[in-house]
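Inspection log for the structure reproduced underneath, given as structure tokens.
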Protein chains: 2
Amino acid sequence: VIDQPKSNMFLDQIEMILGKENILTGGRVAERSHHIWCLGQPLQALAVVFPRSTQEVSEIMTVCKEHQQPVVVHGGMTNMVGSTETKGNELVISMEKMNKILEIDTVSMTVLVEAGVIIENLHQAVDKEGLMFPVTYGAKGSAQVGGMIATNAGGLRVFRYGMTRNWVLGLEVVLADGTIISSLKKLVKDNSGLDLKQLFIGSEGTMGIITRAVLKLRLASKSRNTAVIAVETYAQVVGLLQYMVEALEGALTGFELIWKDTYAAMIGVLQGKGVPLPVGSQFYVLMETSGTDPAMDRELLEHVLVKAFEKGLMQDGTVAGSDHEQQHFWRIREDVDHLVAMCSHDQHFDVSLPISLIDQYISEISEKLNKIPEVDRYFVYGHMADGNIHLIVSNTVGNLSIKEKINQLIYSPLPKYGGSISAEHGIGLHKKRYLSYSRSSEEIALMKLLKTTIDPSNLLNPGKIF
Amino acid sequence: VIDQPKSNMFLDQIEMILGKENILTGGRVAERSHHIWCLGQPLQALAVVFPRSTQEVSEIMTVCKEHQQPVVVHGGMTNMVGSTETKGNELVISMEKMNKILEIDTVSMTVLVEAGVIIENLHQAVDKEGLMFPVTYGAKGSAQVGGMIATNAGGLRVFRYGMTRNWVLGLEVVLADGTIISSLKKLVKDNSGLDLKQLFIGSEGTMGIITRAVLKLRLASKSRNTAVIAVETYAQVVGLLQYMVEALEGALTGFELIWKDTYAAMIGVLQGKGVPLPVGSQFYVLMETSGTDPAMDRELLEHVLVKAFEKGLMQDGTVAGSDHEQQHFWRIREDVDHLVAMCSHDQHFDVSLPISLIDQYISEISEKLNKIPEVDRYFVYGHMADGNIHLIVSNTVGNLSIKEKINQLIYSPLPKYGGSISAEHGIGLHKKRYLSYSRSSEEIALMKLLKTTIDPSNLLNPGKIF
């Protein structure tokens, strides 16, 4: 025993907890990956372990604390900022075996889930009860509940329903020392002391390991309608949004803005078939309404579009005539791969800023991007009603120096606009060095203080965010 | 200088910061109170100070840290659980001179306010722009924004719009050591690191002093309708709520439940004039809808009530015919003083539990209350759609022992129902000893760890919550 290397002793203890069948070591680790986009790139890790309960996660962390073993939690591995990347000395805790939907309460409209439940499975399970969980995003077929909460995921319906944070009622978390903080209440209102769950939501795995959650649900919508609208000026886009909020109230569930050249590129995915509106306008809005009465809801949407046209807020518009056509319209916006395929070397941005300043910011950075010879194209679109713009910038060189130059160009003007370098995706590894463009030194110091307090040995997702 | 008592040196330093006119000491302190309900009871405090800026609050705290001077912040002093109570050695920081509404942004639909702004003034200012701030509660004429955020206030519209937490976009806070944590962004989405504001919202002044905030607004409603509905069983109440959520979608903004005997007592306030429905049913629902089209909205409400009646979900119902009649209906629910006047010695409770279990819990505690000879009456009503029930229990004795007996009776069953001892009001001083009925020892330990970390000398609202 005395000659046994430290890591072997550690792994023996973990095996005692989980059993042989729930640990991968040696060559079998490399068969996995740290990201769903990097399948085939071997995972670097001491081992991958598969707990089946909160108790097991707690016991793992107790052993990790004893051995000062750093840990990276893997959910669906669809993170956009490197939060699931690992080093060879780190232990990966995969949540994939904690994948049970434990209770759907149709009266309280809540669901109790384990952290490893895949978002799409959650959607399907609650849909069978006539309910919906409103948070949804592109990665829903792989992404897990734990990761969604740990990153406070946003997605396509934030404008109407809010971020993940709004939908978490109860949370169970294992701390770095193995302590279980379990508060799985179904309560919308609970002001009995500090709301501890907030500390873990959006903390990217740095503060605790999420094991179970109570999520709030709502009644499923029964109708969905989509329109594509052409608009000439940003002031009209703002006017259109304001009018739609007023006229449609809670029925407005999506308001996506696409800039001129990006629309022209996006519709390429349709290969000329069924393009909703011709190119040439400055802006295109993809607007979605949801409701409970399919016939009436469609009529209302058409009615308000006519009104908006009469008010001079739009140039042209069309409403999808069928579910098939709706999917067709949304493909324009959602098929980001189509844009990426047009790029030489692509960089993706996810900034947010006050709605009133978006146009000014995009003008400023467009002008600067146009002056960089290595930038061959860029795309601008986003969840405009949330103040959240996605940019894809392509350059012909692909080295670190141009990448850094473009990052600085995009991020450095944000402080003066009161913006954020990350609306949805988080900080992880990739945005760490730019955090000070979003947060003050006092804020960053307080974040670090909290991290040091909750995880003094820096065992949980070390090096991420801070 | 050497002979000067410590407190004089301290006050001299504070005076250097604020000027003589912004400090009350000696006899002038006793002219104030620690609570709006206790006017005439002299305030116990070392001094009361009136900062006019965040910078001044920061400088005050720097001096307080140097002298290890404990501090209690006073907003509108309408807290329900003793959070604004003071000891004679404590410094009171009153926010009443930081009462400016600094910016209403009608495009981003946000407002930047100082912490001392009175809620009703905020409502009136944004209303002029066609906007609304949805959080509202009985104390709105005195309560201030800082206190509303520090207590994560709820109120009458939580079901539709959520608690205060949902409406805070940016926050500026002064820590116990004088550090200013300022993040006054207008962003709905910001995942750039930990969401620090969550640590201060609902912390009852124990973690930092809120100085300014950016609040989210929404478009003002243009219509409001109210119905009173009589229902025979709790199962029907649940069915009615579910049907109304489905039929009215976002238009349902209030669903208050009143138990039989409480309704009979409440309508006494009308002195026989215009009682909406006769007594005798088991439950009464006060339901509110809000919308943008007065004529259509009323028609819709009447239509769904007929449907609900046909479905056997209600016995009887009536819709208020005018604004005047609506106010009349709401007076039944809101005039709590009328109930208090019927009590010998009154205790007020604010519990929450899963909607499906409310009836069972009320039956359990009713049975127990009925067996206590000193309990002469009790009232049960609340924000049923939020799972939040208010109870007023009256006893004929008025001593600590009966008070404690009733507290235990109300609170001790809550753990088995997954409930909370405080849905809205917080913990403060009055509910401290019952905190373990709502939160686990691990949770309480983590709360204390956070408090010790952020405020190591325990200067901010010492002894509250923990």
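Labels for the structure tokens follow display order: chains A, B, ..., residues from 1 in each chain, ligands from 1.
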
* Distance query range 382-389 of chain A at most 6 Å, only C-alpha atoms, self and fewer than 3 positions along chain excluded, as a PyMOL selection string -> chain A and resi 159+255-257+350-355

Could you pull out the residues in range 175-317 of chain B that DSSP calls strand (DSSP E) from the backbone, as a PDB file with N, CA, C and O atoms, in the first residue's frame?
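Output saved as states.pdb:
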```
ATOM      1  N   ILE B 180     -17.853  49.854  -2.675  1.00  0.00           N
ATOM      2  CA  ILE B 180     -19.061  50.032  -3.493  1.00  0.00           C
ATOM      3  C   ILE B 180     -19.067  48.967  -4.587  1.00  0.00           C
ATOM      4  O   ILE B 180     -18.130  48.871  -5.377  1.00  0.00           O
ATOM      5  N   ILE B 181     -20.122  48.151  -4.577  1.00  0.00           N
ATOM      6  CA  ILE B 181     -20.319  47.175  -5.654  1.00  0.00           C
ATOM      7  C   ILE B 181     -21.404  47.752  -6.543  1.00  0.00           C
ATOM      8  O   ILE B 181     -22.587  47.733  -6.186  1.00  0.00           O
ATOM      9  N   SER B 182     -21.001  48.303  -7.678  1.00  0.00           N
ATOM     10  CA  SER B 182     -21.961  49.002  -8.525  1.00  0.00           C
ATOM     11  C   SER B 182     -22.126  48.276  -9.840  1.00  0.00           C
ATOM     12  O   SER B 182     -21.187  48.116 -10.596  1.00  0.00           O
ATOM     13  N   SER B 183     -23.321  47.835 -10.105  1.00  0.00           N
ATOM     14  CA  SER B 183     -23.616  47.212 -11.390  1.00  0.00           C
ATOM     15  C   SER B 183     -25.014  47.651 -11.788  1.00  0.00           C
ATOM     16  O   SER B 183     -26.000  47.012 -11.456  1.00  0.00           O
ATOM     17  N   ILE B 209     -25.628  47.461   1.931  1.00  0.00           N
ATOM     18  CA  ILE B 209     -26.604  48.554   1.945  1.00  0.00           C
ATOM     19  C   ILE B 209     -26.923  48.915   0.500  1.00  0.00           C
ATOM     20  O   ILE B 209     -26.053  49.373  -0.242  1.00  0.00           O
ATOM     21  N   ILE B 210     -28.157  48.712   0.107  1.00  0.00           N
ATOM     22  CA  ILE B 210     -28.583  49.006  -1.262  1.00  0.00           C
ATOM     23  C   ILE B 210     -28.704  50.517  -1.413  1.00  0.00           C
ATOM     24  O   ILE B 210     -29.387  51.177  -0.623  1.00  0.00           O
ATOM     25  N   THR B 211     -28.029  51.068  -2.430  1.00  0.00           N
ATOM     26  CA  THR B 211     -28.067  52.524  -2.619  1.00  0.00           C
ATOM     27  C   THR B 211     -28.807  52.934  -3.898  1.00  0.00           C
ATOM     28  O   THR B 211     -29.477  53.952  -3.922  1.00  0.00           O
ATOM     29  N   ARG B 212     -28.646  52.154  -4.974  1.00  0.00           N
ATOM     30  CA  ARG B 212     -29.364  52.458  -6.212  1.00  0.00           C
ATOM     31  C   ARG B 212     -29.727  51.156  -6.921  1.00  0.00           C
ATOM     32  O   ARG B 212     -29.111  50.117  -6.673  1.00  0.00           O
ATOM     33  N   ALA B 213     -30.696  51.231  -7.815  1.00  0.00           N
ATOM     34  CA  ALA B 213     -31.101  50.029  -8.550  1.00  0.00           C
ATOM     35  C   ALA B 213     -31.643  50.392  -9.920  1.00  0.00           C
ATOM     36  O   ALA B 213     -32.194  51.471 -10.117  1.00  0.00           O
ATOM     37  N   VAL B 214     -31.444  49.481 -10.863  1.00  0.00           N
ATOM     38  CA  VAL B 214     -32.145  49.553 -12.147  1.00  0.00           C
ATOM     39  C   VAL B 214     -33.264  48.527 -12.097  1.00  0.00           C
ATOM     40  O   VAL B 214     -33.018  47.335 -11.896  1.00  0.00           O
ATOM     41  N   LEU B 215     -34.501  48.988 -12.239  1.00  0.00           N
ATOM     42  CA  LEU B 215     -35.658  48.099 -12.209  1.00  0.00           C
ATOM     43  C   LEU B 215     -36.249  47.969 -13.608  1.00  0.00           C
ATOM     44  O   LEU B 215     -36.240  48.922 -14.383  1.00  0.00           O
ATOM     45  N   LYS B 216     -36.743  46.786 -13.882  1.00  0.00           N
ATOM     46  CA  LYS B 216     -37.409  46.522 -15.154  1.00  0.00           C
ATOM     47  C   LYS B 216     -38.855  47.021 -15.045  1.00  0.00           C
ATOM     48  O   LYS B 216     -39.464  46.933 -13.985  1.00  0.00           O
ATOM     49  N   ARG B 218     -42.827  47.335 -17.261  1.00  0.00           N
ATOM     50  CA  ARG B 218     -43.593  46.780 -18.370  1.00  0.00           C
ATOM     51  C   ARG B 218     -44.667  47.786 -18.778  1.00  0.00           C
ATOM     52  O   ARG B 218     -44.862  48.800 -18.103  1.00  0.00           O
ATOM     53  N   LEU B 219     -45.318  47.507 -19.896  1.00  0.00           N
ATOM     54  CA  LEU B 219     -46.373  48.427 -20.320  1.00  0.00           C
ATOM     55  C   LEU B 219     -47.506  48.402 -19.310  1.00  0.00           C
ATOM     56  O   LEU B 219     -47.863  47.339 -18.799  1.00  0.00           O
ATOM     57  N   SER B 223     -56.861  47.848 -18.675  1.00  0.00           N
ATOM     58  CA  SER B 223     -58.134  47.453 -18.082  1.00  0.00           C
ATOM     59  C   SER B 223     -57.885  46.551 -16.888  1.00  0.00           C
ATOM     60  O   SER B 223     -56.858  45.876 -16.798  1.00  0.00           O
ATOM     61  N   ARG B 224     -58.834  46.553 -15.975  1.00  0.00           N
ATOM     62  CA  ARG B 224     -58.755  45.712 -14.792  1.00  0.00           C
ATOM     63  C   ARG B 224     -60.171  45.279 -14.472  1.00  0.00           C
ATOM     64  O   ARG B 224     -61.097  46.100 -14.508  1.00  0.00           O
ATOM     65  N   ASN B 225     -60.356  43.993 -14.253  1.00  0.00           N
ATOM     66  CA  ASN B 225     -61.679  43.483 -13.881  1.00  0.00           C
ATOM     67  C   ASN B 225     -61.565  42.591 -12.663  1.00  0.00           C
ATOM     68  O   ASN B 225     -60.543  41.905 -12.487  1.00  0.00           O
ATOM     69  N   THR B 226     -62.589  42.589 -11.845  1.00  0.00           N
ATOM     70  CA  THR B 226     -62.574  41.808 -10.618  1.00  0.00           C
ATOM     71  C   THR B 226     -63.869  41.012 -10.485  1.00  0.00           C
ATOM     72  O   THR B 226     -64.951  41.547 -10.737  1.00  0.00           O
ATOM     73  N   ALA B 227     -63.708  39.753 -10.098  1.00  0.00           N
ATOM     74  CA  ALA B 227     -64.883  38.924  -9.820  1.00  0.00           C
ATOM     75  C   ALA B 227     -64.759  38.331  -8.427  1.00  0.00           C
ATOM     76  O   ALA B 227     -63.650  38.076  -7.944  1.00  0.00           O
ATOM     77  N   VAL B 228     -65.896  38.125  -7.777  1.00  0.00           N
ATOM     78  CA  VAL B 228     -65.929  37.348  -6.538  1.00  0.00           C
ATOM     79  C   VAL B 228     -66.689  36.060  -6.847  1.00  0.00           C
ATOM     80  O   VAL B 228     -67.737  36.090  -7.503  1.00  0.00           O
ATOM     81  N   ILE B 229     -66.120  34.929  -6.414  1.00  0.00           N
ATOM     82  CA  ILE B 229     -66.650  33.621  -6.793  1.00  0.00           C
ATOM     83  C   ILE B 229     -66.800  32.763  -5.536  1.00  0.00           C
ATOM     84  O   ILE B 229     -65.887  32.717  -4.704  1.00  0.00           O
ATOM     85  N   ALA B 230     -67.937  32.093  -5.422  1.00  0.00           N
ATOM     86  CA  ALA B 230     -68.161  31.177  -4.296  1.00  0.00           C
ATOM     87  C   ALA B 230     -67.920  29.741  -4.755  1.00  0.00           C
ATOM     88  O   ALA B 230     -68.393  29.341  -5.822  1.00  0.00           O
ATOM     89  N   VAL B 231     -67.180  28.982  -3.943  1.00  0.00           N
ATOM     90  CA  VAL B 231     -66.810  27.609  -4.316  1.00  0.00           C
ATOM     91  C   VAL B 231     -67.029  26.696  -3.113  1.00  0.00           C
ATOM     92  O   VAL B 231     -66.819  27.103  -1.968  1.00  0.00           O
ATOM     93  N   LEU B 252     -54.741  36.724 -16.303  1.00  0.00           N
ATOM     94  CA  LEU B 252     -55.097  36.460 -14.901  1.00  0.00           C
ATOM     95  C   LEU B 252     -54.010  37.050 -14.001  1.00  0.00           C
ATOM     96  O   LEU B 252     -52.877  36.575 -13.993  1.00  0.00           O
ATOM     97  N   THR B 253     -54.353  38.090 -13.240  1.00  0.00           N
ATOM     98  CA  THR B 253     -53.330  38.767 -12.437  1.00  0.00           C
ATOM     99  C   THR B 253     -53.561  38.664 -10.934  1.00  0.00           C
ATOM    100  O   THR B 253     -52.733  39.104 -10.155  1.00  0.00           O
ATOM    101  N   GLY B 254     -54.686  38.073 -10.532  1.00  0.00           N
ATOM    102  CA  GLY B 254     -54.901  37.894  -9.097  1.00  0.00           C
ATOM    103  C   GLY B 254     -55.839  36.730  -8.842  1.00  0.00           C
ATOM    104  O   GLY B 254     -56.817  36.531  -9.593  1.00  0.00           O
ATOM    105  N   PHE B 255     -55.547  35.935  -7.826  1.00  0.00           N
ATOM    106  CA  PHE B 255     -56.418  34.818  -7.466  1.00  0.00           C
ATOM    107  C   PHE B 255     -56.266  34.633  -5.963  1.00  0.00           C
ATOM    108  O   PHE B 255     -55.402  33.909  -5.487  1.00  0.00           O
ATOM    109  N   GLU B 256     -57.097  35.359  -5.220  1.00  0.00           N
ATOM    110  CA  GLU B 256     -57.013  35.368  -3.760  1.00  0.00           C
ATOM    111  C   GLU B 256     -58.105  34.460  -3.204  1.00  0.00           C
ATOM    112  O   GLU B 256     -59.257  34.541  -3.634  1.00  0.00           O
ATOM    113  N   LEU B 257     -57.731  33.640  -2.250  1.00  0.00           N
ATOM    114  CA  LEU B 257     -58.703  32.714  -1.657  1.00  0.00           C
ATOM    115  C   LEU B 257     -59.025  33.149  -0.226  1.00  0.00           C
ATOM    116  O   LEU B 257     -58.130  33.518   0.533  1.00  0.00           O
ATOM    117  N   ILE B 258     -60.304  33.106   0.125  1.00  0.00           N
ATOM    118  CA  ILE B 258     -60.743  33.474   1.477  1.00  0.00           C
ATOM    119  C   ILE B 258     -61.583  32.323   2.025  1.00  0.00           C
ATOM    120  O   ILE B 258     -62.516  31.860   1.360  1.00  0.00           O
ATOM    121  N   TRP B 259     -61.249  31.855   3.215  1.00  0.00           N
ATOM    122  CA  TRP B 259     -61.998  30.760   3.827  1.00  0.00           C
ATOM    123  C   TRP B 259     -63.331  31.291   4.375  1.00  0.00           C
ATOM    124  O   TRP B 259     -63.451  32.482   4.713  1.00  0.00           O
ATOM    125  N   PHE B 283     -65.630  28.458   0.372  1.00  0.00           N
ATOM    126  CA  PHE B 283     -64.514  29.293  -0.093  1.00  0.00           C
ATOM    127  C   PHE B 283     -65.010  30.437  -0.966  1.00  0.00           C
ATOM    128  O   PHE B 283     -66.015  30.294  -1.674  1.00  0.00           O
ATOM    129  N   TYR B 284     -64.270  31.537  -0.911  1.00  0.00           N
ATOM    130  CA  TYR B 284     -64.542  32.669  -1.807  1.00  0.00           C
ATOM    131  C   TYR B 284     -63.243  33.034  -2.517  1.00  0.00           C
ATOM    132  O   TYR B 284     -62.189  33.141  -1.887  1.00  0.00           O
ATOM    133  N   VAL B 285     -63.345  33.211  -3.826  1.00  0.00           N
ATOM    134  CA  VAL B 285     -62.177  33.600  -4.611  1.00  0.00           C
ATOM    135  C   VAL B 285     -62.385  35.032  -5.088  1.00  0.00           C
ATOM    136  O   VAL B 285     -63.449  35.373  -5.604  1.00  0.00           O
ATOM    137  N   LEU B 286     -61.356  35.848  -4.885  1.00  0.00           N
ATOM    138  CA  LEU B 286     -61.350  37.198  -5.439  1.00  0.00           C
ATOM    139  C   LEU B 286     -60.373  37.142  -6.609  1.00  0.00           C
ATOM    140  O   LEU B 286     -59.180  36.904  -6.414  1.00  0.00           O
ATOM    141  N   MET B 287     -60.910  37.322  -7.802  1.00  0.00           N
ATOM    142  CA  MET B 287     -60.094  37.105  -8.996  1.00  0.00           C
ATOM    143  C   MET B 287     -59.958  38.394  -9.779  1.00  0.00           C
ATOM    144  O   MET B 287     -60.942  39.126  -9.951  1.00  0.00           O
ATOM    145  N   GLU B 288     -58.754  38.678 -10.248  1.00  0.00           N
ATOM    146  CA  GLU B 288     -58.507  39.903 -11.016  1.00  0.00           C
ATOM    147  C   GLU B 288     -57.923  39.568 -12.373  1.00  0.00           C
ATOM    148  O   GLU B 288     -57.037  38.711 -12.478  1.00  0.00           O
ATOM    149  N   THR B 289     -58.419  40.238 -13.418  1.00  0.00           N
ATOM    150  CA  THR B 289     -57.763  40.137 -14.726  1.00  0.00           C
ATOM    151  C   THR B 289     -57.299  41.522 -15.156  1.00  0.00           C
ATOM    152  O   THR B 289     -57.887  42.541 -14.767  1.00  0.00           O
ATOM    153  N   SER B 290     -56.225  41.551 -15.927  1.00  0.00           N
ATOM    154  CA  SER B 290     -55.718  42.815 -16.466  1.00  0.00           C
ATOM    155  C   SER B 290     -55.498  42.634 -17.959  1.00  0.00           C
ATOM    156  O   SER B 290     -55.172  41.541 -18.409  1.00  0.00           O
ATOM    157  N   GLY B 291     -55.666  43.694 -18.693  1.00  0.00           N
ATOM    158  CA  GLY B 291     -55.471  43.573 -20.136  1.00  0.00           C
ATOM    159  C   GLY B 291     -55.351  44.917 -20.792  1.00  0.00           C
ATOM    160  O   GLY B 291     -55.098  45.928 -20.130  1.00  0.00           O
ATOM    161  N   ASP B 316     -71.314  30.139  -7.530  1.00  0.00           N
ATOM    162  CA  ASP B 316     -71.887  31.450  -7.796  1.00  0.00           C
ATOM    163  C   ASP B 316     -70.740  32.421  -8.076  1.00  0.00           C
ATOM    164  O   ASP B 316     -69.600  32.162  -7.669  1.00  0.00           O
ATOM    165  N   GLY B 317     -71.055  33.503  -8.747  1.00  0.00           N
ATOM    166  CA  GLY B 317     -70.002  34.482  -9.024  1.00  0.00           C
ATOM    167  C   GLY B 317     -70.597  35.804  -9.467  1.00  0.00           C
ATOM    168  O   GLY B 317     -71.728  35.852  -9.956  1.00  0.00           O
TER     169      GLY B 317
END
```

- Per DSSP on the backbone, what are the alpha helix (DSSP H) residues of range 230-322 of chain B, as a ChimeraX atom specification? /B:234-248,260-266,294-310

- Task: With a distance cut-off of 10 Å and only C-alpha atoms, select the neighbouring residues of Asn79 in chain B, excluding the residue or stretch itself and same-chain residues fewer than 6 positions from it, and output the selection as a count of residues only.
- Result: 15

Please provide as a VMD selection string all residues within 9 Å of His338 in chain A, with the sequence filter that same-chain residues fewer than 2 positions apart are discarded (counting only C-alpha atoms). chain A and resid 265 to 266 268 to 269 335 to 336 340 to 342

Suppose we keep all heavy atoms; can you now write the selection as a CSV table (one decimal), in the first residue's frame?
```
chain,number,residue,atom,x,y,z
A,265,ALA,N,-27.4,36.1,-46.4
A,265,ALA,CA,-26.6,34.9,-46.3
A,265,ALA,C,-27.5,33.7,-45.7
A,265,ALA,O,-27.4,32.6,-46.2
A,265,ALA,CB,-25.4,35.1,-45.4
A,266,MET,N,-28.3,34.1,-44.7
A,266,MET,CA,-29.1,33.0,-44.1
A,266,MET,C,-30.1,32.3,-45.0
A,266,MET,O,-30.3,31.1,-44.9
A,266,MET,CB,-29.9,33.7,-42.9
A,266,MET,CG,-29.1,33.8,-41.6
A,266,MET,SD,-30.1,34.6,-40.3
A,266,MET,CE,-29.1,34.3,-38.9
A,268,GLY,N,-29.8,31.6,-47.9
A,268,GLY,CA,-29.1,30.6,-48.7
A,268,GLY,C,-29.4,29.2,-48.4
A,268,GLY,O,-29.5,28.3,-49.2
A,269,VAL,N,-29.7,29.0,-47.1
A,269,VAL,CA,-30.1,27.6,-46.6
A,269,VAL,C,-31.3,27.1,-47.2
A,269,VAL,O,-31.5,25.9,-47.3
A,269,VAL,CB,-30.2,27.7,-45.0
A,269,VAL,CG1,-31.5,28.2,-44.6
A,269,VAL,CG2,-29.9,26.3,-44.4
A,335,ASP,N,-30.3,27.8,-38.4
A,335,ASP,CA,-29.2,27.0,-39.0
A,335,ASP,C,-27.9,27.8,-39.0
A,335,ASP,O,-27.5,28.3,-40.1
A,335,ASP,CB,-29.6,26.5,-40.4
A,335,ASP,CG,-28.7,25.4,-40.9
A,335,ASP,OD1,-27.6,25.3,-40.3
A,335,ASP,OD2,-29.2,24.6,-41.7
A,336,VAL,N,-27.3,27.9,-37.9
A,336,VAL,CA,-26.0,28.7,-37.7
A,336,VAL,C,-24.9,28.0,-38.5
A,336,VAL,O,-24.0,28.6,-39.0
A,336,VAL,CB,-25.7,28.9,-36.2
A,336,VAL,CG1,-24.3,29.5,-36.1
A,336,VAL,CG2,-26.8,29.7,-35.6
A,340,VAL,N,-21.6,29.4,-40.6
A,340,VAL,CA,-20.3,29.0,-40.2
A,340,VAL,C,-19.6,28.4,-41.4
A,340,VAL,O,-18.4,28.7,-41.7
A,340,VAL,CB,-20.3,27.9,-39.0
A,340,VAL,CG1,-18.9,27.3,-38.8
A,340,VAL,CG2,-20.8,28.6,-37.8
A,341,ALA,N,-20.3,27.7,-42.3
A,341,ALA,CA,-19.7,27.1,-43.5
A,341,ALA,C,-19.2,28.2,-44.4
A,341,ALA,O,-18.3,27.9,-45.2
A,341,ALA,CB,-20.7,26.2,-44.2
A,342,MET,N,-19.7,29.4,-44.3
A,342,MET,CA,-19.3,30.5,-45.2
A,342,MET,C,-18.0,31.2,-44.7
A,342,MET,O,-17.5,32.0,-45.3
A,342,MET,CB,-20.4,31.5,-45.4
A,342,MET,CG,-21.5,31.0,-46.3
A,342,MET,SD,-22.7,32.4,-46.5
A,342,MET,CE,-24.1,31.7,-45.7
```

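Each of B:Glu172, B:Val107, B:Glu31, B:Leu301 was checked against Gly239 in chain A using only C-alpha atoms; the smallest atom-to-atom distance is that of B:Val107.
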
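Here CA of His430 in chain B stands at a distance of 12.5 Å from CA of Gly193 in chain A.
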
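In this model, the gap between CA of Leu39 in chain B and CA of Lys87 in chain B comes to 16.5 Å.
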
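Comparing the minimum interatomic distances between Gly130 in chain B and each of B:Lys222, B:Ala115, B:Pro51, B:Pro70, counting only C-alpha atoms, we find that B:Lys222 sits nearest.
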
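Proximity to Ser7 in chain B was assessed for B:Ser33, B:Gln271, B:Gln68, B:Ser53 counting only C-alpha atoms; the smallest distance is recorded for B:Gln68.
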
Here CA of Gly205 in chain B and CA of Glu404 in chain B stand apart by 26.2 Å

Which residues are close to Glu249 in chain B, i.e. within 8 Å by only C-alpha atoms, leaving aside same-chain residues fewer than 4 positions away? Reply as a PyMOL selection string.
(chain A and resi 250+291-292) or (chain B and resi 244-245)

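Closest approach to chain A among B:Ile119, B:Met16, B:Met61, B:Ile201 is made by B:Ile201 (distances from only C-alpha atoms).
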
Discussion item. Show me, as a list in words, the residues that have an atom within 7 Å of Val48 in chain B when counting only C-alpha atoms, minus same-chain residues fewer than 5 positions from it.
Written reply: Ile23, Leu24, Thr25, Val29, Leu91, Val92, Ile93 and Ser94 of chain B
